[in-house]
$ cat coords_39.txt   # compact mmCIF, C-alpha atoms and all ligand atoms
# COMPACT_ATOMS: atom_id res chain seq x y z
CA MET S 1 -0.53 39.26 0.46
CA GLU S 2 -3.51 37.93 -1.39
CA GLU S 3 -3.97 34.18 -0.99
CA VAL S 4 -2.72 32.32 -4.06
CA PHE S 5 -3.87 28.85 -3.14
CA ALA S 6 -7.24 27.27 -2.45
CA GLU S 7 -8.05 26.92 1.25
CA ARG S 8 -8.60 23.21 0.79
CA THR S 9 -4.85 22.86 0.21
CA ASN S 10 -3.84 24.56 3.47
CA TRP S 11 -2.64 21.27 4.91
CA ASN S 12 -0.28 21.02 7.84
CA LEU S 13 2.54 19.31 5.98
CA GLU S 14 4.95 19.10 8.89
CA ALA S 15 6.08 15.56 9.66
CA ASN S 16 4.63 14.18 12.89
CA PRO S 17 7.09 13.18 15.64
CA LEU S 18 6.84 9.46 14.77
CA SER S 19 7.57 9.91 11.03
CA GLU S 20 10.46 12.23 11.99
CA ALA S 21 11.84 9.64 14.38
CA ASN S 22 11.40 6.95 11.70
CA ALA S 23 13.25 9.04 9.08
CA ARG S 24 16.08 9.81 11.55
CA HIS S 25 16.33 6.14 12.51
CA ARG S 26 16.57 5.02 8.88
CA ALA S 27 19.11 7.75 8.04
CA SER S 28 21.30 6.69 10.97
CA GLY S 29 21.74 3.21 9.44
CA LYS S 30 20.61 1.50 12.69
CA PRO S 31 18.89 -1.88 12.26
CA LEU S 32 15.12 -1.69 11.83
CA LEU S 33 12.34 -4.26 11.76
CA ASP S 34 9.43 -2.62 10.00
CA LEU S 35 6.13 -4.11 11.18
CA THR S 36 4.03 -1.61 9.23
CA ILE S 37 4.75 -2.86 5.71
CA SER S 38 1.60 -2.91 3.61
CA ASN S 39 3.10 -2.87 0.12
CA PRO S 40 2.81 -6.47 -1.13
CA THR S 41 5.51 -5.95 -3.77
CA GLU S 42 8.08 -5.56 -0.96
CA CYS S 43 7.23 -8.70 0.99
CA GLY S 44 9.01 -11.43 -0.95
CA PHE S 45 5.90 -12.89 -2.60
CA GLU S 46 6.48 -14.67 -5.89
CA TYR S 47 4.75 -13.21 -8.91
CA ASP S 48 4.52 -14.86 -12.33
CA ARG S 49 6.55 -12.07 -13.88
CA ARG S 50 6.48 -13.55 -17.34
CA ALA S 51 2.70 -13.89 -17.45
CA ILE S 52 2.29 -10.35 -16.12
CA LEU S 53 4.71 -8.79 -18.60
CA GLU S 54 3.24 -10.73 -21.51
CA ALA S 55 -0.25 -9.56 -20.57
CA LEU S 56 0.97 -5.95 -20.65
CA ALA S 57 2.42 -6.36 -24.13
CA ASN S 58 -0.84 -7.00 -25.98
CA PRO S 59 -0.57 -5.47 -29.51
CA ALA S 60 -4.24 -4.45 -29.20
CA SER S 61 -2.95 -1.59 -27.00
CA PHE S 62 -1.75 0.26 -30.08
CA ALA S 63 -5.33 1.26 -30.87
CA TYR S 64 -6.97 4.10 -28.94
CA ASP S 65 -10.65 3.29 -28.72
CA PRO S 66 -11.69 4.43 -25.26
CA ASP S 67 -14.91 3.43 -23.51
CA PRO S 68 -15.78 5.68 -20.54
CA ARG S 69 -16.77 2.65 -18.44
CA GLY S 70 -13.59 0.81 -19.43
CA LEU S 71 -12.70 -1.90 -21.91
CA LEU S 72 -15.48 -4.49 -22.19
CA SER S 73 -13.15 -7.51 -21.89
CA ALA S 74 -11.73 -6.06 -18.66
CA ARG S 75 -15.20 -5.41 -17.24
CA GLN S 76 -16.23 -8.94 -18.21
CA ALA S 77 -13.24 -10.25 -16.24
CA VAL S 78 -14.39 -8.22 -13.22
CA ALA S 79 -17.93 -9.63 -13.61
CA THR S 80 -16.42 -13.14 -13.72
CA TYR S 81 -14.52 -12.38 -10.50
CA TYR S 82 -17.90 -11.68 -8.84
CA VAL S 83 -19.46 -14.83 -10.36
CA GLY S 84 -16.71 -16.70 -8.48
CA ARG S 85 -18.10 -15.16 -5.30
CA GLY S 86 -21.64 -16.18 -6.22
CA VAL S 87 -22.63 -12.63 -7.21
CA GLU S 88 -24.07 -11.58 -10.54
CA VAL S 89 -22.90 -8.13 -11.57
CA PRO S 90 -23.99 -6.79 -14.98
CA VAL S 91 -20.99 -5.50 -16.98
CA ASP S 92 -22.91 -2.25 -17.57
CA GLY S 93 -22.86 -1.61 -13.83
CA ILE S 94 -19.05 -1.68 -13.70
CA ILE S 95 -16.79 1.32 -14.23
CA LEU S 96 -13.02 0.84 -14.28
CA THR S 97 -10.90 3.32 -12.33
CA THR S 98 -7.18 3.81 -11.80
CA SER S 99 -7.53 2.85 -8.12
CA THR S 100 -10.05 2.56 -5.34
CA SER S 101 -9.01 6.08 -4.38
CA GLU S 102 -10.15 7.35 -7.78
CA ALA S 103 -13.40 5.41 -7.38
CA TYR S 104 -13.98 7.24 -4.07
CA SER S 105 -13.47 10.57 -5.78
CA PHE S 106 -15.87 9.70 -8.64
CA VAL S 107 -18.52 8.73 -6.08
CA SER S 108 -18.15 11.82 -3.92
CA ARG S 109 -18.22 14.02 -7.04
CA THR S 110 -21.49 12.31 -8.02
CA LEU S 111 -23.11 12.60 -4.59
CA CYS S 112 -21.81 15.69 -2.82
CA ASN S 113 -22.07 19.42 -3.13
CA PRO S 114 -19.25 21.33 -1.41
CA GLY S 115 -19.67 20.97 2.35
CA ASP S 116 -21.88 17.88 2.15
CA GLU S 117 -21.10 15.08 4.55
CA ILE S 118 -20.08 11.45 4.32
CA LEU S 119 -20.06 9.12 7.30
CA ILE S 120 -16.90 7.08 7.83
CA PRO S 121 -16.09 4.33 10.32
CA GLU S 122 -13.77 4.95 13.24
CA PRO S 123 -11.29 3.31 13.46
CA SER S 124 -10.44 2.87 9.80
CA TYR S 125 -7.94 3.48 7.05
CA PRO S 126 -6.35 6.96 7.06
CA LEU S 127 -6.84 7.72 3.36
CA PHE S 128 -10.20 9.43 3.67
CA ALA S 129 -9.14 12.74 5.22
CA PHE S 130 -7.16 13.97 2.21
CA LEU S 131 -9.63 12.54 -0.30
CA ALA S 132 -12.42 14.41 1.44
CA ASP S 133 -10.47 17.68 1.53
CA ILE S 134 -9.74 17.45 -2.18
CA GLN S 135 -13.42 16.81 -2.95
CA ASP S 136 -14.70 19.50 -0.52
CA VAL S 137 -16.51 16.85 1.46
CA LYS S 138 -16.85 16.88 5.24
CA LEU S 139 -16.24 13.61 7.04
CA VAL S 140 -18.33 12.64 10.04
CA ARG S 141 -17.19 9.62 12.03
CA TYR S 142 -19.35 6.81 13.38
CA ARG S 143 -17.88 4.52 16.00
CA LEU S 144 -17.19 0.84 15.65
CA ASP S 145 -17.37 -0.89 19.02
CA TYR S 146 -15.25 -3.81 20.15
CA ASP S 147 -16.76 -6.50 22.35
CA TYR S 148 -15.13 -9.84 21.47
CA GLY S 149 -15.46 -8.65 17.87
CA TRP S 150 -16.22 -5.39 16.10
CA GLN S 151 -19.63 -4.05 15.25
CA ILE S 152 -21.17 -0.87 13.91
CA ASN S 153 -22.49 1.44 16.62
CA PHE S 154 -25.79 2.24 14.91
CA GLN S 155 -26.72 4.81 17.51
CA ALA S 156 -23.55 6.77 16.69
CA LEU S 157 -24.18 6.29 12.97
CA GLN S 158 -27.72 7.64 13.20
CA GLN S 159 -26.66 10.53 15.41
CA GLY S 160 -24.08 11.47 12.77
CA ILE S 161 -26.71 11.90 10.05
CA THR S 162 -27.65 15.50 9.24
CA ALA S 163 -29.51 17.20 6.41
CA ARG S 164 -26.17 17.34 4.57
CA THR S 165 -25.29 13.64 4.79
CA ARG S 166 -25.04 12.01 1.36
CA GLY S 167 -23.58 8.59 2.09
CA VAL S 168 -22.11 6.06 4.50
CA ILE S 169 -18.73 4.43 3.89
CA VAL S 170 -18.29 0.83 5.03
CA VAL S 171 -14.94 -0.88 4.71
CA HIS S 172 -15.77 -4.56 4.30
CA PRO S 173 -13.59 -6.08 5.74
CA ASN S 174 -12.25 -3.05 7.55
CA ASN S 175 -8.61 -2.01 7.76
CA PRO S 176 -7.08 -2.42 10.36
CA THR S 177 -9.79 -4.01 12.57
CA GLY S 178 -10.17 -6.98 10.21
CA HIS S 179 -13.90 -7.37 10.79
CA PHE S 180 -16.62 -7.43 8.15
CA THR S 181 -20.21 -6.25 7.99
CA LYS S 182 -22.68 -8.91 9.11
CA PRO S 183 -25.99 -9.64 7.30
CA GLN S 184 -28.06 -8.09 10.14
CA GLU S 185 -25.91 -4.95 9.92
CA LEU S 186 -26.47 -4.81 6.16
CA GLU S 187 -30.21 -4.99 6.75
CA LYS S 188 -30.06 -2.10 9.19
CA LEU S 189 -27.78 -0.05 6.94
CA ASN S 190 -30.19 -0.57 4.04
CA GLU S 191 -33.13 0.49 6.17
CA ILE S 192 -31.39 3.68 7.32
CA CYS S 193 -29.96 4.58 3.92
CA ALA S 194 -33.10 3.84 1.91
CA ALA S 195 -35.25 5.87 4.34
CA ARG S 196 -32.91 8.89 4.26
CA ASN S 197 -31.88 8.72 0.60
CA LEU S 198 -28.26 8.03 1.47
CA ALA S 199 -25.85 5.97 -0.58
CA ILE S 200 -23.79 3.09 0.76
CA ILE S 201 -20.16 3.27 -0.31
CA ALA S 202 -18.51 -0.12 0.26
CA ASP S 203 -14.76 -0.58 0.10
CA GLU S 204 -14.13 -4.29 -0.50
CA VAL S 205 -10.41 -4.34 -1.24
CA PHE S 206 -9.85 -6.98 1.49
CA LEU S 207 -12.91 -9.12 0.68
CA ASP S 208 -10.86 -12.12 -0.48
CA PHE S 209 -8.71 -12.24 2.64
CA MET S 210 -10.88 -14.13 5.10
CA LEU S 211 -8.94 -15.87 7.86
CA GLN S 212 -11.79 -17.93 9.26
CA GLY S 213 -15.41 -18.73 8.58
CA GLU S 214 -17.33 -18.47 5.37
CA ALA S 215 -16.79 -15.90 2.63
CA PRO S 216 -18.83 -12.79 3.46
CA PHE S 217 -21.46 -11.37 1.09
CA SER S 218 -20.43 -8.65 -1.34
CA PHE S 219 -22.20 -5.28 -1.41
CA ALA S 220 -22.00 -5.50 -5.22
CA GLN S 221 -25.35 -7.34 -5.14
CA ASN S 222 -27.03 -4.96 -2.74
CA SER S 223 -30.22 -3.59 -4.26
CA ALA S 224 -32.18 -2.17 -1.32
CA ALA S 225 -30.28 1.17 -1.32
CA LEU S 226 -28.10 2.99 -3.84
CA THR S 227 -24.75 1.23 -3.40
CA PHE S 228 -21.27 1.85 -4.77
CA THR S 229 -18.90 -1.07 -4.29
CA MET S 230 -15.23 -0.67 -5.02
CA SER S 231 -12.23 -2.91 -5.21
CA GLY S 232 -9.16 -3.43 -7.36
CA LEU S 233 -5.95 -5.22 -8.14
CA SER S 234 -3.87 -3.48 -5.43
CA LYS S 235 -4.93 -5.96 -2.80
CA ILE S 236 -6.79 -8.67 -4.72
CA SER S 237 -3.79 -9.57 -6.89
CA GLY S 238 -1.13 -7.75 -4.86
CA LEU S 239 -0.45 -5.40 -7.78
CA PRO S 240 -0.83 -1.80 -6.54
CA GLN S 241 1.59 -0.54 -9.20
CA MET S 242 -0.87 -1.45 -11.99
CA LYS S 243 -3.30 1.23 -10.83
CA ALA S 244 -6.42 -0.75 -11.72
CA GLY S 245 -9.63 -0.72 -9.75
CA TRP S 246 -13.36 -0.70 -10.31
CA LEU S 247 -16.63 0.65 -9.10
CA VAL S 248 -19.86 -1.36 -9.17
CA THR S 249 -23.14 0.55 -8.92
CA SER S 250 -26.25 -1.24 -7.69
CA GLY S 251 -29.53 -0.35 -6.04
CA PRO S 252 -33.11 0.55 -6.93
CA GLU S 253 -33.28 0.60 -10.74
CA GLN S 254 -34.01 4.28 -11.30
CA LEU S 255 -31.40 5.58 -8.87
CA LYS S 256 -28.88 3.13 -10.20
CA SER S 257 -29.28 4.18 -13.85
CA GLN S 258 -29.15 7.88 -12.95
CA ALA S 259 -26.00 7.34 -10.90
CA LEU S 260 -24.37 5.38 -13.71
CA ALA S 261 -25.19 8.04 -16.30
CA ARG S 262 -23.57 10.72 -14.11
CA LEU S 263 -20.55 8.58 -13.28
CA GLU S 264 -20.08 7.87 -16.95
CA ILE S 265 -19.71 11.59 -17.68
CA ILE S 266 -17.08 11.91 -14.95
CA ALA S 267 -15.21 8.86 -16.25
CA ASP S 268 -15.51 10.13 -19.82
CA THR S 269 -14.02 13.47 -18.83
CA TYR S 270 -10.82 11.86 -17.55
CA LEU S 271 -10.63 8.55 -19.47
CA SER S 272 -7.88 7.78 -16.99
CA MET S 273 -7.40 4.05 -17.59
CA ASN S 274 -4.59 3.24 -20.00
CA ALA S 275 -4.96 0.62 -22.73
CA PRO S 276 -2.14 -1.84 -21.80
CA VAL S 277 -3.41 -2.29 -18.24
CA GLN S 278 -7.02 -2.67 -19.38
CA TRP S 279 -6.07 -5.38 -21.87
CA ALA S 280 -4.05 -7.08 -19.13
CA ILE S 281 -6.81 -7.04 -16.48
CA PRO S 282 -8.12 -10.59 -17.18
CA ALA S 283 -4.60 -12.03 -16.78
CA LEU S 284 -3.80 -9.78 -13.80
CA LEU S 285 -7.00 -10.91 -12.09
CA ASP S 286 -5.97 -14.55 -12.69
CA GLN S 287 -2.82 -13.81 -10.73
CA ARG S 288 -4.95 -13.47 -7.61
CA HIS S 289 -5.06 -17.23 -7.05
CA PRO S 290 -1.34 -17.88 -6.44
CA PHE S 291 -0.95 -14.47 -4.76
CA GLN S 292 -3.80 -14.95 -2.29
CA LYS S 293 -2.60 -18.45 -1.44
CA GLN S 294 0.85 -17.12 -0.51
CA LEU S 295 -0.48 -14.11 1.32
CA LEU S 296 -3.08 -15.97 3.36
CA GLY S 297 -0.47 -18.60 4.28
CA ARG S 298 1.83 -15.83 5.52
CA VAL S 299 -0.89 -14.02 7.45
CA ARG S 300 -2.04 -17.24 9.16
CA ARG S 301 1.51 -18.22 10.10
CA ASN S 302 2.32 -14.75 11.45
CA LEU S 303 -0.89 -14.70 13.45
CA ALA S 304 -0.07 -18.14 14.91
CA GLU S 305 3.43 -16.89 15.78
CA LEU S 306 1.95 -13.83 17.48
CA ASP S 307 -0.38 -16.06 19.49
CA ARG S 308 2.53 -18.33 20.40
CA GLN S 309 4.52 -15.38 21.78
CA LEU S 310 1.75 -13.41 23.47
CA PRO S 311 1.57 -15.68 26.59
CA THR S 312 5.19 -14.71 27.44
CA GLN S 313 3.74 -11.55 29.03
CA LYS S 314 0.47 -10.36 30.53
CA SER S 315 -0.09 -6.74 29.55
CA CYS S 316 -0.45 -6.99 25.78
CA ALA S 317 -3.22 -8.92 23.98
CA ARG S 318 -4.53 -9.04 20.45
CA LEU S 319 -8.05 -8.25 19.36
CA ALA S 320 -10.07 -10.79 17.39
CA VAL S 321 -9.40 -10.66 13.66
CA GLU S 322 -11.65 -12.16 10.97
CA ALA S 323 -9.94 -10.97 7.81
CA GLY S 324 -7.33 -8.71 6.27
CA TRP S 325 -3.62 -8.04 6.61
CA TYR S 326 -3.31 -6.55 10.11
CA ALA S 327 -3.49 -7.36 13.80
CA VAL S 328 -4.52 -4.87 16.48
CA LEU S 329 -2.76 -5.15 19.83
CA ARG S 330 -4.22 -3.84 23.06
CA VAL S 331 -1.34 -2.38 25.10
CA PRO S 332 -1.17 -0.53 28.43
CA ALA S 333 -2.12 3.12 27.92
CA THR S 334 0.59 4.42 30.24
CA ARG S 335 1.73 6.94 27.60
CA SER S 336 0.35 7.98 24.24
CA ASP S 337 0.50 5.35 21.49
CA GLU S 338 2.72 7.68 19.51
CA GLU S 339 5.19 7.99 22.42
CA LEU S 340 5.18 4.22 22.74
CA ALA S 341 5.84 3.77 19.00
CA ILE S 342 8.74 6.26 19.22
CA GLU S 343 10.15 4.39 22.22
CA LEU S 344 9.86 1.06 20.41
CA LEU S 345 11.80 2.57 17.52
CA ALA S 346 14.53 4.02 19.72
CA GLU S 347 14.86 1.17 22.22
CA ARG S 348 13.90 -1.93 20.25
CA ASN S 349 14.57 -0.93 16.61
CA ILE S 350 11.05 -1.83 15.53
CA TYR S 351 8.50 0.29 13.73
CA VAL S 352 4.78 -0.17 14.46
CA HIS S 353 1.77 2.07 13.86
CA PRO S 354 0.06 3.70 16.83
CA GLY S 355 -3.74 3.37 17.01
CA HIS S 356 -4.31 7.06 16.39
CA PHE S 357 -2.87 6.61 12.87
CA TYR S 358 -6.11 4.71 12.19
CA ASP S 359 -8.31 7.02 14.27
CA PHE S 360 -8.67 4.76 17.28
CA PRO S 361 -10.68 6.94 19.64
CA SER S 362 -8.48 6.18 22.67
CA GLU S 363 -4.88 5.34 23.53
CA GLY S 364 -3.74 1.76 24.10
CA PHE S 365 -3.58 0.26 20.59
CA LEU S 366 -0.75 -0.71 18.25
CA ILE S 367 -1.17 -2.13 14.75
CA VAL S 368 1.18 -4.65 13.15
CA SER S 369 1.19 -5.84 9.57
CA LEU S 370 0.70 -9.59 9.18
CA ILE S 371 2.19 -9.59 5.68
CA THR S 372 5.65 -8.81 7.07
CA ARG S 373 8.24 -11.47 6.17
CA GLU S 374 7.99 -14.25 8.74
CA GLU S 375 11.55 -13.98 10.17
CA ASP S 376 11.13 -10.22 10.62
CA PHE S 377 7.68 -10.63 12.12
CA SER S 378 8.77 -13.21 14.66
CA ALA S 379 11.87 -11.24 15.71
CA GLY S 380 9.89 -7.97 15.74
CA VAL S 381 7.11 -9.36 17.92
CA LYS S 382 9.67 -10.72 20.38
CA LEU S 383 11.25 -7.27 20.69
CA LEU S 384 7.84 -5.62 20.92
CA LEU S 385 6.64 -7.89 23.73
CA SER S 386 9.91 -7.48 25.63
CA MET S 387 8.82 -3.87 26.18
CA PHE S 388 5.97 -4.93 28.49
C1 LIG S 401 -9.33 -0.08 2.97
C2 LIG S 401 -8.52 0.41 1.82
N1 LIG S 401 -9.13 0.96 0.75
C3 LIG S 401 -8.43 1.40 -0.31
C4 LIG S 401 -7.06 1.31 -0.36
C5 LIG S 401 -6.34 1.85 -1.54
O1 LIG S 401 -6.47 1.03 -2.63
P1 LIG S 401 -6.07 1.53 -4.09
O2 LIG S 401 -4.62 1.21 -4.27
O3 LIG S 401 -6.95 0.75 -4.99
O4 LIG S 401 -6.34 3.00 -4.16
C6 LIG S 401 -6.37 0.75 0.73
C7 LIG S 401 -4.91 0.66 0.71
O5 LIG S 401 -4.25 0.29 1.67
C8 LIG S 401 -7.12 0.29 1.84
O6 LIG S 401 -6.51 -0.24 2.91
$ encode --input "coords_39.txt" --output "structure tokens" --more "lines below"
Ligand SMILES: Cc1ncc(COP(=O)(O)O)c(C=O)c1O
Amino acid sequence: MEEVFAERTNWNLEANPLSEANARHRASGKPLLDLTISNPTECGFEYDRRAILEALANPASFAYDPDPRGLLSARQAVATYYVGRGVEVPVDGIILTTSTSEAYSFVSRTLCNPGDEILIPEPSYPLFAFLADIQDVKLVRYRLDYDYGWQINFQALQQGITARTRGVIVVHPNNPTGHFTKPQELEKLNEICAARNLAIIADEVFLDFMLQGEAPFSFAQNSAALTFTMSGLSKISGLPQMKAGWLVTSGPEQLKSQALARLEIIADTYLSMNAPVQWAIPALLDQRHPFQKQLLGRVRRNLAELDRQLPTQKSCARLAVEAGWYAVLRVPATRSDEELAIELLAERNIYVHPGHFYDFPSEGFLIVSLITREEDFSAGVKLLLSMF
């Protein structure tokens, strides 16, 4: 029979053994402590519901007067967010998107012909594989190395560059390793990208969630290479359901204005932002202050609890974490991480992510979410450590 569907959609849609085990466990009604939760709306944080709902009910939303880059007042609020970080971002350099994921797709549509390549960090967030398939982009991984902290393996990055490479993704801070790009690494990235005409694509959704040290720089002010910086309300204000993100374009003037002109056509073709959310963006961004205070308090307390419990055993340790919502645990690699996660589900009623979910290149890693409710986290960690 002639093929009906595009090859890019020939995904293996069968559930993997861990998701199957998780679904069976939940269906059986057995108790479960879920240490993978990453949806902030399910973690018991308090939101100013009234302020949020009022912001969404702005009568100005009755008019349809779309701007391909997004409503000016919303872009001004985003620029003000960067001013708070000591970064000046011109409102003309900002394009609103319905999520960071949409921003990724706008950027790859602007940079890549079918089959072109984008470098992505390993380990990192598992969203990129599907995004790349949908955009006909090939992903090439560059290693991050851990040695009392994570760093970019520049040798691997440079070896990954081919004639088809169009850009390098950096997740700053990265999920789940919780490290961020250091100024010397930025310098090197700029050197490599400017020399090879590659773009830097910086995902900064976790930028506000530093656990120690000073606030890191933002790529939104990077001018030495063409740079696309993305973020949004999903993480910054804990409001993923609002579907509001943005893309900041910076870099050498000529490249920057050409990129923006092309992006504007893509954005104009979809005009995907809706009016109520755009009018609400200034108020929704204001919500970040109470949200981040609660979230960072939770993450710090959970991390302290983890560190309090870890000395009860000797075979499991945590890696250093600088920022973000997750902790990476080094565990004995006596079976695959997936087998271990399935065993933890069956024998301890806890659900954790195996390292391979985030493309860890070897066995021996589990990832736990630090935004889990504190009682669940403490009880879950106790059960987890009792396995070793
Ligand atoms: C590193 C990273 N980037 C992007 C996203 C997705 O964000 P958005 O909801 O804006 O698409 C996530 C979500 O977990 C993430 O961890």
$ residues_near_ligand --input "coords_39.txt" --ligand "ligand LIG 401 (chain S)" --cutoff "6 Å" --atoms "all atoms listed in the file" --output "CSV table (one decimal) with C-alpha atoms, in the frame of the given file"
chain,number,residue,atom,x,y,z
S,99,SER,CA,-7.5,2.8,-8.1
S,100,THR,CA,-10.0,2.6,-5.3
S,101,SER,CA,-9.0,6.1,-4.4
S,125,TYR,CA,-7.9,3.5,7.0
S,171,VAL,CA,-14.9,-0.9,4.7
S,175,ASN,CA,-8.6,-2.0,7.8
S,203,ASP,CA,-14.8,-0.6,0.1
S,205,VAL,CA,-10.4,-4.3,-1.2
S,232,GLY,CA,-9.2,-3.4,-7.4
S,234,SER,CA,-3.9,-3.5,-5.4
S,240,PRO,CA,-0.8,-1.8,-6.5
S,245,GLY,CA,-9.6,-0.7,-9.8
$ closest_residue --input "coords_39.txt" --among "S:Pro68, S:Gly44, S:Pro173, S:Gly355" --to "Ala215 (chain S)" --atoms "all atoms listed in the file"
S:Pro173
$ residues_near_point --input "coords_39.txt" --point "(-19.5, -2.0, -17.5)" --cutoff "12 Å" --atoms "all atoms listed in the file" --output "PyMOL selection string"
chain S and resi 67-79+89-97+246-250+260-261+263-264+267
$ closest_residue --input "coords_39.txt" --among "S:Leu119, S:Ala156, S:Ile266, S:Val140" --to "Leu198 (chain S)" --atoms "all atoms listed in the file"
S:Leu119
$ atom_distance --input "coords_39.txt" --atom1 "CA of Pro126 (chain S)" --atom2 "CA of Thr36 (chain S)"
13.6 Å
